[in-house]
>>> print(open('protein.pdb').read())   # PDB, C-alpha atoms and all ligand atoms
ATOM      1  CA  MET U  13       0.000   0.000   0.000
ATOM      2  CA  ALA U  14       2.444   2.654   1.194
ATOM      3  CA  ASN U  15       4.891   1.539  -1.454
ATOM      4  CA  ALA U  16       2.796   2.803  -4.365
ATOM      5  CA  ASN U  17       4.543   5.351  -6.513
ATOM      6  CA  ILE U  18       4.109   8.988  -5.496
ATOM      7  CA  GLU U  19       3.685   9.896  -9.177
ATOM      8  CA  GLU U  20       0.464   7.904  -9.147
ATOM      9  CA  LEU U  21      -1.140  10.461  -6.829
ATOM     10  CA  PRO U  22      -3.721  12.583  -8.624
ATOM     11  CA  GLY U  23      -2.391  16.090  -9.207
ATOM     12  CA  VAL U  24       1.264  15.120  -8.725
ATOM     13  CA  GLY U  25       3.242  15.552 -11.920
ATOM     14  CA  PRO U  26       6.910  14.659 -12.424
ATOM     15  CA  ALA U  27       8.100  18.104 -11.218
ATOM     16  CA  THR U  28       6.150  17.940  -7.945
ATOM     17  CA  ALA U  29       7.185  14.323  -7.468
ATOM     18  CA  ASP U  30      10.819  15.418  -7.716
ATOM     19  CA  LYS U  31      10.251  18.155  -5.156
ATOM     20  CA  LEU U  32       8.591  15.685  -2.820
ATOM     21  CA  ARG U  33      11.410  13.198  -3.122
ATOM     22  CA  GLU U  34      14.050  15.880  -2.625
ATOM     23  CA  ALA U  35      12.301  16.906   0.584
ATOM     24  CA  GLY U  36      12.448  13.308   1.798
ATOM     25  CA  TYR U  37       8.886  12.244   1.016
ATOM     26  CA  THR U  38       9.734   9.047  -0.775
ATOM     27  CA  ASN U  39       6.642   7.012  -0.022
ATOM     28  CA  LEU U  40       2.942   7.617   0.466
ATOM     29  CA  MET U  41       2.990   7.044   4.200
ATOM     30  CA  THR U  42       5.444   9.860   4.875
ATOM     31  CA  ILE U  43       3.198  12.211   2.889
ATOM     32  CA  ALA U  44      -0.025  10.945   4.439
ATOM     33  CA  VAL U  45       1.156  11.683   7.979
ATOM     34  CA  GLU U  46       2.603  15.146   7.197
ATOM     35  CA  SER U  47       0.950  18.451   8.053
ATOM     36  CA  PRO U  48      -0.057  20.659   5.081
ATOM     37  CA  LYS U  49       2.059  23.579   6.236
ATOM     38  CA  THR U  50       5.215  21.493   6.626
ATOM     39  CA  LEU U  51       4.720  19.800   3.284
ATOM     40  CA  ALA U  52       4.074  23.153   1.598
ATOM     41  CA  ASP U  53       7.194  24.692   3.127
ATOM     42  CA  ALA U  54       9.384  21.677   2.468
ATOM     43  CA  CYS U  55       8.390  21.360  -1.185
ATOM     44  CA  ASP U  56       7.788  25.015  -1.979
ATOM     45  CA  ILE U  57       4.217  24.434  -3.085
ATOM     46  CA  GLY U  58       0.978  26.152  -2.061
ATOM     47  CA  GLU U  59      -0.761  24.976   1.080
ATOM     48  CA  ALA U  60      -3.952  24.180  -0.867
ATOM     49  CA  THR U  61      -1.939  21.893  -3.158
ATOM     50  CA  ALA U  62      -0.312  20.315  -0.123
ATOM     51  CA  ILE U  63      -3.724  19.532   1.393
ATOM     52  CA  LYS U  64      -4.830  17.855  -1.867
ATOM     53  CA  ILE U  65      -1.639  15.769  -2.058
ATOM     54  CA  ILE U  66      -1.913  14.698   1.579
ATOM     55  CA  ASP U  67      -5.577  13.723   1.161
ATOM     56  CA  ALA U  68      -4.745  11.672  -1.912
ATOM     57  CA  ALA U  69      -1.832   9.996  -0.099
ATOM     58  CA  LYS U  70      -4.084   9.179   2.856
ATOM     59  CA  LYS U  71      -6.520   7.430   0.539
ATOM     60  CA  ALA U  72      -3.825   5.622  -1.416
ATOM     61  CA  ALA U  73      -1.911   4.595   1.701
ATOM     62  CA  ASP U  74      -5.131   3.493   3.405
ATOM     63  CA  VAL U  75      -4.386   5.281   6.666
ATOM     64  CA  GLY U  76      -6.866   6.471   9.205
ATOM     65  CA  GLY U  77      -9.575   3.859   8.594
ATOM     66  CA  PHE U  78     -11.102   1.421  11.055
ATOM     67  CA  GLU U  79      -9.933  -2.154  11.357
ATOM     68  CA  SER U  80     -11.397  -5.066  13.232
ATOM     69  CA  GLY U  81      -9.660  -6.226  16.396
ATOM     70  CA  ASP U  82      -8.655  -9.620  14.994
ATOM     71  CA  ILE U  83      -6.695  -7.975  12.177
ATOM     72  CA  ILE U  84      -4.909  -5.681  14.646
ATOM     73  CA  PHE U  85      -4.226  -8.705  16.851
ATOM     74  CA  GLU U  86      -2.709 -10.538  13.878
ATOM     75  CA  ARG U  87      -0.527  -7.540  12.969
ATOM     76  CA  ARG U  88       0.668  -7.055  16.530
ATOM     77  CA  LYS U  89       2.030 -10.603  16.429
ATOM     78  CA  ASN U  90       4.458  -9.339  13.783
ATOM     79  CA  LEU U  91       5.877  -6.609  16.019
ATOM     80  CA  ASP U  92       9.463  -7.233  16.997
ATOM     81  CA  ARG U  93      10.856  -7.083  20.512
ATOM     82  CA  LEU U  94      14.212  -5.756  21.648
ATOM     83  CA  THR U  95      15.795  -7.011  24.859
ATOM     84  CA  THR U  96      17.299  -4.708  27.505
ATOM     85  CA  SER U  97      19.671  -7.490  28.709
ATOM     86  CA  SER U  98      17.764  -7.544  31.996
ATOM     87  CA  LYS U  99      15.040 -10.169  32.371
ATOM     88  CA  ALA U 100      13.198  -8.128  34.970
ATOM     89  CA  PHE U 101      13.346  -4.978  32.854
ATOM     90  CA  ASP U 102      12.127  -6.897  29.779
ATOM     91  CA  GLU U 103       9.218  -8.310  31.771
ATOM     92  CA  LEU U 104       8.310  -4.880  33.120
ATOM     93  CA  LEU U 105       7.888  -3.730  29.519
ATOM     94  CA  GLY U 106       6.313  -7.009  28.420
ATOM     95  CA  HIS U 107       9.124  -8.904  26.605
ATOM     96  CA  GLY U 108      11.380  -5.915  26.009
ATOM     97  CA  LEU U 109      10.871  -2.874  23.809
ATOM     98  CA  GLU U 110       8.293  -3.068  21.043
ATOM     99  CA  SER U 111       8.780  -2.035  17.437
ATOM    100  CA  GLN U 112       6.554   0.739  16.063
ATOM    101  CA  ALA U 113       6.392   2.353  19.494
ATOM    102  CA  ILE U 114       8.166   5.168  21.343
ATOM    103  CA  HIS U 115       9.768   4.363  24.702
ATOM    104  CA  GLU U 116      10.648   7.271  26.928
ATOM    105  CA  PHE U 117      13.224   6.872  29.697
ATOM    106  CA  TYR U 118      13.225   9.789  32.080
ATOM    107  CA  GLY U 119      15.026  10.562  35.275
ATOM    108  CA  GLU U 120      17.582  12.789  36.869
ATOM    109  CA  PHE U 121      21.253  13.090  35.909
ATOM    110  CA  GLY U 122      23.124   9.812  36.364
ATOM    111  CA  SER U 123      19.997   7.659  36.590
ATOM    112  CA  GLY U 124      21.205   5.432  33.735
ATOM    113  CA  LYS U 125      19.346   6.793  30.716
ATOM    114  CA  THR U 126      22.384   6.966  28.440
ATOM    115  CA  GLN U 127      23.722   3.582  29.596
ATOM    116  CA  ILE U 128      20.384   1.975  28.723
ATOM    117  CA  CYS U 129      20.626   3.567  25.265
ATOM    118  CA  PHE U 130      24.105   2.064  24.750
ATOM    119  CA  GLN U 131      22.813  -1.361  25.772
ATOM    120  CA  LEU U 132      19.845  -1.116  23.413
ATOM    121  CA  ALA U 133      22.140  -0.032  20.571
ATOM    122  CA  VAL U 134      24.345  -3.096  21.049
ATOM    123  CA  ASN U 135      21.344  -5.403  21.441
ATOM    124  CA  ALA U 136      19.583  -4.162  18.306
ATOM    125  CA  THR U 137      22.474  -5.520  16.233
ATOM    126  CA  LEU U 138      22.108  -8.991  17.760
ATOM    127  CA  PRO U 139      20.242 -11.751  15.923
ATOM    128  CA  LYS U 140      16.557 -12.129  16.740
ATOM    129  CA  GLU U 141      17.123 -15.419  18.605
ATOM    130  CA  LYS U 142      19.221 -13.429  21.071
ATOM    131  CA  GLY U 143      16.594 -10.771  21.638
ATOM    132  CA  GLY U 144      17.960  -8.421  18.996
ATOM    133  CA  LEU U 145      16.539  -6.993  15.788
ATOM    134  CA  ASP U 146      19.416  -7.949  13.499
ATOM    135  CA  GLY U 147      19.417  -4.289  12.480
ATOM    136  CA  ASP U 148      21.314  -1.042  12.318
ATOM    137  CA  VAL U 149      20.940   1.777  14.816
ATOM    138  CA  VAL U 150      20.646   5.540  14.476
ATOM    139  CA  ILE U 151      21.610   7.658  17.477
ATOM    140  CA  ILE U 152      20.794  11.350  17.660
ATOM    141  CA  ASP U 153      23.167  12.573  20.353
ATOM    142  CA  THR U 154      22.309  16.006  21.709
ATOM    143  CA  GLU U 155      24.585  16.092  24.764
ATOM    144  CA  ASN U 156      27.754  14.667  23.256
ATOM    145  CA  THR U 157      27.618  11.627  25.513
ATOM    146  CA  PHE U 158      28.026   8.850  22.910
ATOM    147  CA  ARG U 159      30.998   6.718  23.974
ATOM    148  CA  PRO U 160      32.121   3.979  21.554
ATOM    149  CA  GLU U 161      34.277   2.603  24.379
ATOM    150  CA  ARG U 162      31.108   1.660  26.264
ATOM    151  CA  ILE U 163      29.704  -0.028  23.150
ATOM    152  CA  VAL U 164      32.929  -2.063  22.948
ATOM    153  CA  GLN U 165      32.608  -3.125  26.601
ATOM    154  CA  MET U 166      28.961  -4.121  26.211
ATOM    155  CA  ALA U 167      29.567  -5.939  22.914
ATOM    156  CA  ASN U 168      32.438  -7.916  24.452
ATOM    157  CA  ALA U 169      30.228  -8.821  27.405
ATOM    158  CA  HIS U 170      27.759 -10.346  24.923
ATOM    159  CA  GLY U 171      30.539 -12.143  23.060
ATOM    160  CA  VAL U 172      30.053 -10.282  19.793
ATOM    161  CA  ASP U 173      32.650  -8.496  17.686
ATOM    162  CA  PRO U 174      32.719  -4.851  18.875
ATOM    163  CA  GLU U 175      33.902  -3.589  15.508
ATOM    164  CA  GLU U 176      30.970  -5.202  13.700
ATOM    165  CA  VAL U 177      28.600  -3.673  16.228
ATOM    166  CA  LEU U 178      30.117  -0.192  15.937
ATOM    167  CA  LYS U 179      29.826  -0.354  12.141
ATOM    168  CA  ARG U 180      26.077  -0.749  12.485
ATOM    169  CA  ILE U 181      25.603   2.215  14.840
ATOM    170  CA  HIS U 182      25.215   5.546  13.022
ATOM    171  CA  VAL U 183      25.669   8.542  15.292
ATOM    172  CA  ALA U 184      24.910  12.179  14.607
ATOM    173  CA  ARG U 185      25.496  15.019  16.989
ATOM    174  CA  ALA U 186      22.553  17.462  17.077
ATOM    175  CA  TYR U 187      23.628  21.040  17.646
ATOM    176  CA  ASN U 188      20.208  22.549  18.332
ATOM    177  CA  SER U 189      16.551  21.589  18.304
ATOM    178  CA  SER U 190      15.924  22.287  14.617
ATOM    179  CA  HIS U 191      19.046  20.315  13.687
ATOM    180  CA  GLN U 192      17.768  17.512  15.910
ATOM    181  CA  MET U 193      14.476  17.452  13.994
ATOM    182  CA  LEU U 194      16.267  17.548  10.670
ATOM    183  CA  LEU U 195      18.292  14.503  11.699
ATOM    184  CA  VAL U 196      15.127  12.390  11.808
ATOM    185  CA  GLU U 197      14.758  13.100   8.093
ATOM    186  CA  LYS U 198      18.424  12.235   7.577
ATOM    187  CA  ALA U 199      17.804   8.991   9.404
ATOM    188  CA  SER U 200      15.300   8.104   6.691
ATOM    189  CA  ASP U 201      18.149   8.402   4.187
ATOM    190  CA  VAL U 202      20.277   6.058   6.301
ATOM    191  CA  SER U 203      17.374   3.612   6.437
ATOM    192  CA  LYS U 204      17.386   3.374   2.642
ATOM    193  CA  ILE U 205      20.918   1.977   2.748
ATOM    194  CA  HIS U 206      20.935   0.126   6.079
ATOM    195  CA  PRO U 207      18.135  -1.765   7.837
ATOM    196  CA  VAL U 208      17.666   0.706  10.702
ATOM    197  CA  ARG U 209      15.577  -0.994  13.376
ATOM    198  CA  LEU U 210      16.348   1.228  16.363
ATOM    199  CA  MET U 211      16.429   4.998  16.647
ATOM    200  CA  ILE U 212      17.673   6.662  19.824
ATOM    201  CA  VAL U 213      17.271  10.330  20.725
ATOM    202  CA  ASP U 214      19.399  11.131  23.769
ATOM    203  CA  SER U 215      18.255  13.638  24.996
ATOM    204  CA  LEU U 216      14.866  14.344  23.433
ATOM    205  CA  THR U 217      14.215  17.546  25.345
ATOM    206  CA  ALA U 218      17.532  19.125  26.386
ATOM    207  CA  HIS U 219      17.836  21.481  23.400
ATOM    208  CA  PHE U 220      14.164  22.425  23.485
ATOM    209  CA  ARG U 221      14.408  23.159  27.170
ATOM    210  CA  ALA U 222      17.508  25.312  26.771
ATOM    211  CA  GLU U 223      16.286  27.235  23.724
ATOM    212  CA  PHE U 224      12.698  27.967  24.660
ATOM    213  CA  VAL U 225      12.864  29.816  27.936
ATOM    214  CA  GLY U 226      10.162  32.041  29.316
ATOM    215  CA  ARG U 227       6.418  31.767  29.293
ATOM    216  CA  GLY U 228       5.827  33.243  25.846
ATOM    217  CA  THR U 229       7.758  30.444  24.119
ATOM    218  CA  LEU U 230       5.948  27.476  25.636
ATOM    219  CA  ALA U 231       3.319  27.038  22.906
ATOM    220  CA  GLU U 232       5.926  27.128  20.155
ATOM    221  CA  ARG U 233       8.134  24.636  21.992
ATOM    222  CA  GLN U 234       5.259  22.230  22.546
ATOM    223  CA  GLY U 235       4.211  22.517  18.904
ATOM    224  CA  LEU U 236       7.681  21.639  17.692
ATOM    225  CA  LEU U 237       8.054  18.802  20.196
ATOM    226  CA  ASN U 238       4.723  17.435  19.008
ATOM    227  CA  LYS U 239       5.891  17.501  15.405
ATOM    228  CA  HIS U 240       9.173  15.860  16.404
ATOM    229  CA  MET U 241       7.380  13.037  18.251
ATOM    230  CA  HIS U 242       5.095  12.400  15.301
ATOM    231  CA  GLU U 243       8.013  12.243  12.916
ATOM    232  CA  LEU U 244       9.677   9.721  15.213
ATOM    233  CA  LEU U 245       6.531   7.619  15.288
ATOM    234  CA  ALA U 246       6.226   7.791  11.511
ATOM    235  CA  PHE U 247       9.828   6.558  11.229
ATOM    236  CA  ALA U 248       8.999   3.704  13.610
ATOM    237  CA  GLU U 249       5.990   2.653  11.559
ATOM    238  CA  VAL U 250       7.623   2.903   8.153
ATOM    239  CA  ASN U 251      10.713   0.943   9.286
ATOM    240  CA  ASN U 252       9.094  -1.353  11.883
ATOM    241  CA  ALA U 253      11.661   0.203  14.216
ATOM    242  CA  VAL U 254      11.939   0.669  17.971
ATOM    243  CA  ILE U 255      12.244   4.264  19.188
ATOM    244  CA  ALA U 256      13.959   5.059  22.499
ATOM    245  CA  VAL U 257      14.173   8.621  23.787
ATOM    246  CA  THR U 258      15.483  10.066  27.024
ATOM    247  CA  ASN U 259      14.074  12.929  29.002
ATOM    248  CA  GLN U 260      15.026  14.884  32.064
ATOM    249  CA  VAL U 261      12.881  15.698  35.043
ATOM    250  CA  SER U 262      11.946  19.219  35.821
ATOM    251  CA  ALA U 263      13.778  20.280  38.976
ATOM    252  CA  LYS U 264      11.075  22.755  39.837
ATOM    253  CA  PRO U 265       8.644  21.197  42.356
ATOM    254  CA  ASP U 266       5.057  21.598  41.357
ATOM    255  CA  ALA U 267       3.192  23.247  44.208
ATOM    256  CA  PHE U 268      -0.192  22.024  43.020
ATOM    257  CA  PHE U 269       0.552  18.409  42.333
ATOM    258  CA  GLY U 270       3.377  18.117  44.859
ATOM    259  CA  ASP U 271       5.435  16.062  42.430
ATOM    260  CA  PRO U 272       9.019  17.207  41.928
ATOM    261  CA  THR U 273       9.720  14.555  39.299
ATOM    262  CA  ARG U 274       7.770  15.544  36.263
ATOM    263  CA  PRO U 275       9.296  14.836  32.868
ATOM    264  CA  VAL U 276       9.978  17.796  30.585
ATOM    265  CA  GLY U 277       7.611  18.330  27.693
ATOM    266  CA  GLY U 278       4.492  17.473  29.645
ATOM    267  CA  HIS U 279       1.491  16.047  27.862
ATOM    268  CA  VAL U 280       2.908  16.393  24.371
ATOM    269  CA  VAL U 281       5.762  13.994  25.066
ATOM    270  CA  GLY U 282       3.651  11.853  27.403
ATOM    271  CA  HIS U 283       0.862  11.264  24.917
ATOM    272  CA  ALA U 284       3.158  10.428  22.038
ATOM    273  CA  SER U 285       5.243   7.993  24.114
ATOM    274  CA  THR U 286       3.742   4.523  24.169
ATOM    275  CA  TYR U 287       5.802   3.429  27.174
ATOM    276  CA  ARG U 288       7.257   5.765  29.814
ATOM    277  CA  VAL U 289       9.845   4.549  32.287
ATOM    278  CA  TYR U 290      10.927   6.594  35.289
ATOM    279  CA  LEU U 291      14.492   5.835  36.438
ATOM    280  CA  ARG U 292      15.818   6.495  39.933
ATOM    281  CA  LYS U 293      19.273   6.078  41.400
ATOM    282  CA  SER U 294      19.700   3.603  44.215
ATOM    283  CA  LYS U 295      22.745   2.200  46.023
ATOM    284  CA  GLY U 296      25.847   1.597  43.891
ATOM    285  CA  THR U 297      25.014   0.110  40.517
ATOM    286  CA  ARG U 298      21.336  -0.282  41.370
ATOM    287  CA  ARG U 299      18.656   1.675  39.554
ATOM    288  CA  ILE U 300      14.903   1.513  39.991
ATOM    289  CA  ALA U 301      12.875   1.464  36.788
ATOM    290  CA  ARG U 302       9.182   2.234  37.107
ATOM    291  CA  LEU U 303       6.725   1.798  34.253
ATOM    292  CA  ILE U 304       4.527   4.866  34.441
ATOM    293  CA  ASP U 305       2.097   4.840  31.616
ATOM    294  CA  SER U 306       1.409   1.856  29.407
ATOM    295  CA  PRO U 307      -1.518   0.797  27.239
ATOM    296  CA  ASP U 308      -1.190  -2.851  28.226
ATOM    297  CA  ARG U 309       1.072  -3.307  31.268
ATOM    298  CA  PRO U 310       0.405  -2.700  34.957
ATOM    299  CA  GLU U 311       2.241   0.140  36.669
ATOM    300  CA  ALA U 312       5.126  -1.588  38.447
ATOM    301  CA  GLU U 313       8.798  -1.211  39.218
ATOM    302  CA  VAL U 314      11.906  -3.377  39.065
ATOM    303  CA  VAL U 315      15.518  -3.080  40.186
ATOM    304  CA  ILE U 316      18.203  -3.190  37.503
ATOM    305  CA  ASN U 317      21.976  -2.813  37.674
ATOM    306  CA  VAL U 318      24.115  -0.607  35.487
ATOM    307  CA  THR U 319      27.519  -2.274  35.421
ATOM    308  CA  GLU U 320      30.650  -2.194  33.316
ATOM    309  CA  GLU U 321      29.119  -5.008  31.213
ATOM    310  CA  GLY U 322      25.948  -2.992  30.727
ATOM    311  CA  VAL U 323      22.378  -3.320  31.967
ATOM    312  CA  ARG U 324      21.783  -6.447  34.043
ATOM    313  CA  ASP U 325      19.306  -7.918  36.505
TER     314      ASP U 325
HETATM  315  P1  LIG J   1      22.098   9.765  32.529
HETATM  316  O1  LIG J   1      20.821   9.252  33.115
HETATM  317  O2  LIG J   1      22.434  11.132  33.029
HETATM  318  O3  LIG J   1      22.181   9.613  31.062
HETATM  319  P2  LIG J   1      24.093   7.684  32.525
HETATM  320  O4  LIG J   1      23.238   6.706  31.830
HETATM  321  O5  LIG J   1      25.218   8.264  31.766
HETATM  322  O6  LIG J   1      23.223   8.835  33.191
HETATM  323  O7  LIG J   1      24.631   6.966  33.811
HETATM  324  C1  LIG J   1      25.856   7.291  34.377
HETATM  325  C2  LIG J   1      26.185   6.193  35.360
HETATM  326  O8  LIG J   1      26.419   4.971  34.658
HETATM  327  C3  LIG J   1      27.433   6.431  36.128
HETATM  328  O9  LIG J   1      27.175   7.224  37.271
HETATM  329  C4  LIG J   1      27.840   5.013  36.514
HETATM  330  O10 LIG J   1      27.112   4.611  37.626
HETATM  331  C5  LIG J   1      27.371   4.195  35.330
HETATM  332  N1  LIG J   1      28.511   3.929  34.435
HETATM  333  C6  LIG J   1      28.962   4.671  33.421
HETATM  334  N2  LIG J   1      30.045   4.108  32.832
HETATM  335  C7  LIG J   1      30.286   2.980  33.507
HETATM  336  C8  LIG J   1      31.266   1.944  33.414
HETATM  337  N3  LIG J   1      32.240   1.989  32.503
HETATM  338  N4  LIG J   1      31.192   0.926  34.275
HETATM  339  C9  LIG J   1      30.239   0.878  35.219
HETATM  340  N5  LIG J   1      29.280   1.817  35.367
HETATM  341  C10 LIG J   1      29.289   2.850  34.518
HETATM  342 MG    MG J   2      22.724  10.952  29.596
END
>>> encode(input="protein.pdb", output="structure tokens")
Amino acid sequence: MANANIEELPGVGPATADKLREAGYTNLMTIAVESPKTLADACDIGEATAIKIIDAAKKAADVGGFESGDIIFERRKNLDRLTTSSKAFDELLGHGLESQAIHEFYGEFGSGKTQICFQLAVNATLPKEKGGLDGDVVIIDTENTFRPERIVQMANAHGVDPEEVLKRIHVARAYNSSHQMLLVEKASDVSKIHPVRLMIVDSLTAHFRAEFVGRGTLAERQGLLNKHMHELLAFAEVNNAVIAVTNQVSAKPDAFFGDPTRPVGGHVVGHASTYRVYLRKSKGTRRIARLIDSPDRPEAEVVINVTEEGVRD
């Protein structure tokens, strides 16, 4: 369905098709899920034209219709699962991380967010029998915390060739929030050459938080974050990929709700994330992972360890 040619859309001639492709809209699904304004800006076409193209793509790609539960059940059996290397953590999430879903790991500095990302990156390259996705990985690194040395340690601990693993991990440093968003589009280019099955954004919110300060900027920040989340989800669906993002907690205690541990980005990030995990430091290598908000798992918490070998029970 989504693989039909974009030229076949009514009203899209060869010139517009070229513009669409140049802007990264290479299949119907990416067009169908785009907003008219973004498509218009990206392809330098009128917004009315953009609306027509998007409507046509929605019809051709068959998105947005109703399906019966048994068909959804059948499709969900085809979702892939990615292990965390901790049995307890996998069980908390229901057999690891799910493809076509966004997983948000939030917590204070040092709570293990980045280490979990490293472990997931290594694991995604593993064969499926070992809990991997036999895929490549894209990491959008906003805080300059990617450490290949840690990948080497974790790969060795799993008895796989570190060099082979590193070759499959594609890292880009994001210099600001708009660059970060652009890198999701770039990731689509990578996915045309390599089978990208995991995308990591570490940290999802740091740039947004630093750039949009003051009350007047909140609406704009939330709008952009919303767009970013939807582009991540679209990537996940098109590539049957797992998405893992990290988020900080707001240090400012909330007088009304009395909860000093609220993730940045509020409802926008919360609603778009399928699974949210709150991480807390404990003694030594111990970390407490709490599943906060899940469509199909009970709220519960487990203890994991972040060691030199990686994430463990
Ligand atoms: P954040 O949540 O801020 O991203 P990290 O995931 O980077 O935090 O976690 C940092 C912690 O990970 C360190 O405090 C340490 O406990 C652990 N850690 C980092 N590197 C190693 C290592 N080589 N061996 C053992 N533990 C490590
Ligand atoms: Mg970090």
>>> residues_near_ligand(input="protein.pdb", ligand="ligand MG 2 (chain J)", cutoff="10 Å", atoms="only C-alpha atoms and all ligand atoms", output="number ranges by chain")
U: 118-129, 153-158, 214-215, 258-260
>>> closest_residue(input="protein.pdb", among="U:His115, U:Arg180, U:Arg288, U:Lys140", to="Val202 (chain U)", atoms="only C-alpha atoms")
U:Arg180
>>> closest_residue(input="protein.pdb", among="U:Leu244, U:Val213, U:Val225, U:Ala284", to="ligand LIG 1 (chain J)", atoms="only C-alpha atoms and all ligand atoms")
U:Val213
>>> closest_atom_pairs(input="protein.pdb", of="region 92-116 of chain U", to="region 311-317 of chain U", cutoff="9 Å", atoms="all atoms listed in the file", output="Markdown table")
| residue | atom | partner | partner_atom | distance |
| --- | --- | --- | --- | --- |
| U:Ser98 | CA | U:Ile316 | CA | 7.0 |
| U:Ala100 | CA | U:Val314 | CA | 6.4 |
| U:Phe101 | CA | U:Val314 | CA | 6.6 |
| U:Leu104 | CA | U:Ala312 | CA | 7.0 |
>>> resolve_selection(input="protein.pdb", expression="the PyMOL selection byres (((chain U and resi 23) around 8) and not hetatm)", output="PyMOL selection string")
chain U and resi 21-22+24-25+64-65
>>> closest_residue(input="protein.pdb", among="U:Lys204, U:Arg93, U:His242, U:Arg185", to="Leu145 (chain U)", atoms="all atoms listed in the file")
U:Arg93
>>> axis_aligned_box(input="protein.pdb", around="ligand LIG 1 (chain J)", padding_each_side="3 Å", output="lines of an AutoDock Vina configuration file")
center_x = 26.5
center_y = 6.0
center_z = 34.3
size_x = 17.4
size_y = 16.3
size_z = 12.6
>>> resolve_selection(input="protein.pdb", expression="the PyMOL selection byres (((chain U and resi 235) around 12) and not hetatm)", output="PyMOL selection string")
chain U and resi 220+224+229-234+236-242+277-281
>>> decode(input="protein.pdb", residues="region 28-82 of chain U", atoms="C-alpha atoms", output="PDB file, in the first residue's frame")
ATOM      1  CA  THR U  28       6.150  17.940  -7.945  1.00  0.00           C
ATOM      2  CA  ALA U  29       7.185  14.323  -7.468  1.00  0.00           C
ATOM      3  CA  ASP U  30      10.819  15.418  -7.716  1.00  0.00           C
ATOM      4  CA  LYS U  31      10.251  18.155  -5.156  1.00  0.00           C
ATOM      5  CA  LEU U  32       8.591  15.685  -2.820  1.00  0.00           C
ATOM      6  CA  ARG U  33      11.410  13.198  -3.122  1.00  0.00           C
ATOM      7  CA  GLU U  34      14.050  15.880  -2.625  1.00  0.00           C
ATOM      8  CA  ALA U  35      12.301  16.906   0.584  1.00  0.00           C
ATOM      9  CA  GLY U  36      12.448  13.308   1.798  1.00  0.00           C
ATOM     10  CA  TYR U  37       8.886  12.244   1.016  1.00  0.00           C
ATOM     11  CA  THR U  38       9.734   9.047  -0.775  1.00  0.00           C
ATOM     12  CA  ASN U  39       6.642   7.012  -0.022  1.00  0.00           C
ATOM     13  CA  LEU U  40       2.942   7.617   0.466  1.00  0.00           C
ATOM     14  CA  MET U  41       2.990   7.044   4.200  1.00  0.00           C
ATOM     15  CA  THR U  42       5.444   9.860   4.875  1.00  0.00           C
ATOM     16  CA  ILE U  43       3.198  12.211   2.889  1.00  0.00           C
ATOM     17  CA  ALA U  44      -0.025  10.945   4.439  1.00  0.00           C
ATOM     18  CA  VAL U  45       1.156  11.683   7.979  1.00  0.00           C
ATOM     19  CA  GLU U  46       2.603  15.146   7.197  1.00  0.00           C
ATOM     20  CA  SER U  47       0.950  18.451   8.053  1.00  0.00           C
ATOM     21  CA  PRO U  48      -0.057  20.659   5.081  1.00  0.00           C
ATOM     22  CA  LYS U  49       2.059  23.579   6.236  1.00  0.00           C
ATOM     23  CA  THR U  50       5.215  21.493   6.626  1.00  0.00           C
ATOM     24  CA  LEU U  51       4.720  19.800   3.284  1.00  0.00           C
ATOM     25  CA  ALA U  52       4.074  23.153   1.598  1.00  0.00           C
ATOM     26  CA  ASP U  53       7.194  24.692   3.127  1.00  0.00           C
ATOM     27  CA  ALA U  54       9.384  21.677   2.468  1.00  0.00           C
ATOM     28  CA  CYS U  55       8.390  21.360  -1.185  1.00  0.00           C
ATOM     29  CA  ASP U  56       7.788  25.015  -1.979  1.00  0.00           C
ATOM     30  CA  ILE U  57       4.217  24.434  -3.085  1.00  0.00           C
ATOM     31  CA  GLY U  58       0.978  26.152  -2.061  1.00  0.00           C
ATOM     32  CA  GLU U  59      -0.761  24.976   1.080  1.00  0.00           C
ATOM     33  CA  ALA U  60      -3.952  24.180  -0.867  1.00  0.00           C
ATOM     34  CA  THR U  61      -1.939  21.893  -3.158  1.00  0.00           C
ATOM     35  CA  ALA U  62      -0.312  20.315  -0.123  1.00  0.00           C
ATOM     36  CA  ILE U  63      -3.724  19.532   1.393  1.00  0.00           C
ATOM     37  CA  LYS U  64      -4.830  17.855  -1.867  1.00  0.00           C
ATOM     38  CA  ILE U  65      -1.639  15.769  -2.058  1.00  0.00           C
ATOM     39  CA  ILE U  66      -1.913  14.698   1.579  1.00  0.00           C
ATOM     40  CA  ASP U  67      -5.577  13.723   1.161  1.00  0.00           C
ATOM     41  CA  ALA U  68      -4.745  11.672  -1.912  1.00  0.00           C
ATOM     42  CA  ALA U  69      -1.832   9.996  -0.099  1.00  0.00           C
ATOM     43  CA  LYS U  70      -4.084   9.179   2.856  1.00  0.00           C
ATOM     44  CA  LYS U  71      -6.520   7.430   0.539  1.00  0.00           C
ATOM     45  CA  ALA U  72      -3.825   5.622  -1.416  1.00  0.00           C
ATOM     46  CA  ALA U  73      -1.911   4.595   1.701  1.00  0.00           C
ATOM     47  CA  ASP U  74      -5.131   3.493   3.405  1.00  0.00           C
ATOM     48  CA  VAL U  75      -4.386   5.281   6.666  1.00  0.00           C
ATOM     49  CA  GLY U  76      -6.866   6.471   9.205  1.00  0.00           C
ATOM     50  CA  GLY U  77      -9.575   3.859   8.594  1.00  0.00           C
ATOM     51  CA  PHE U  78     -11.102   1.421  11.055  1.00  0.00           C
ATOM     52  CA  GLU U  79      -9.933  -2.154  11.357  1.00  0.00           C
ATOM     53  CA  SER U  80     -11.397  -5.066  13.232  1.00  0.00           C
ATOM     54  CA  GLY U  81      -9.660  -6.226  16.396  1.00  0.00           C
ATOM     55  CA  ASP U  82      -8.655  -9.620  14.994  1.00  0.00           C
TER      56      ASP U  82
END
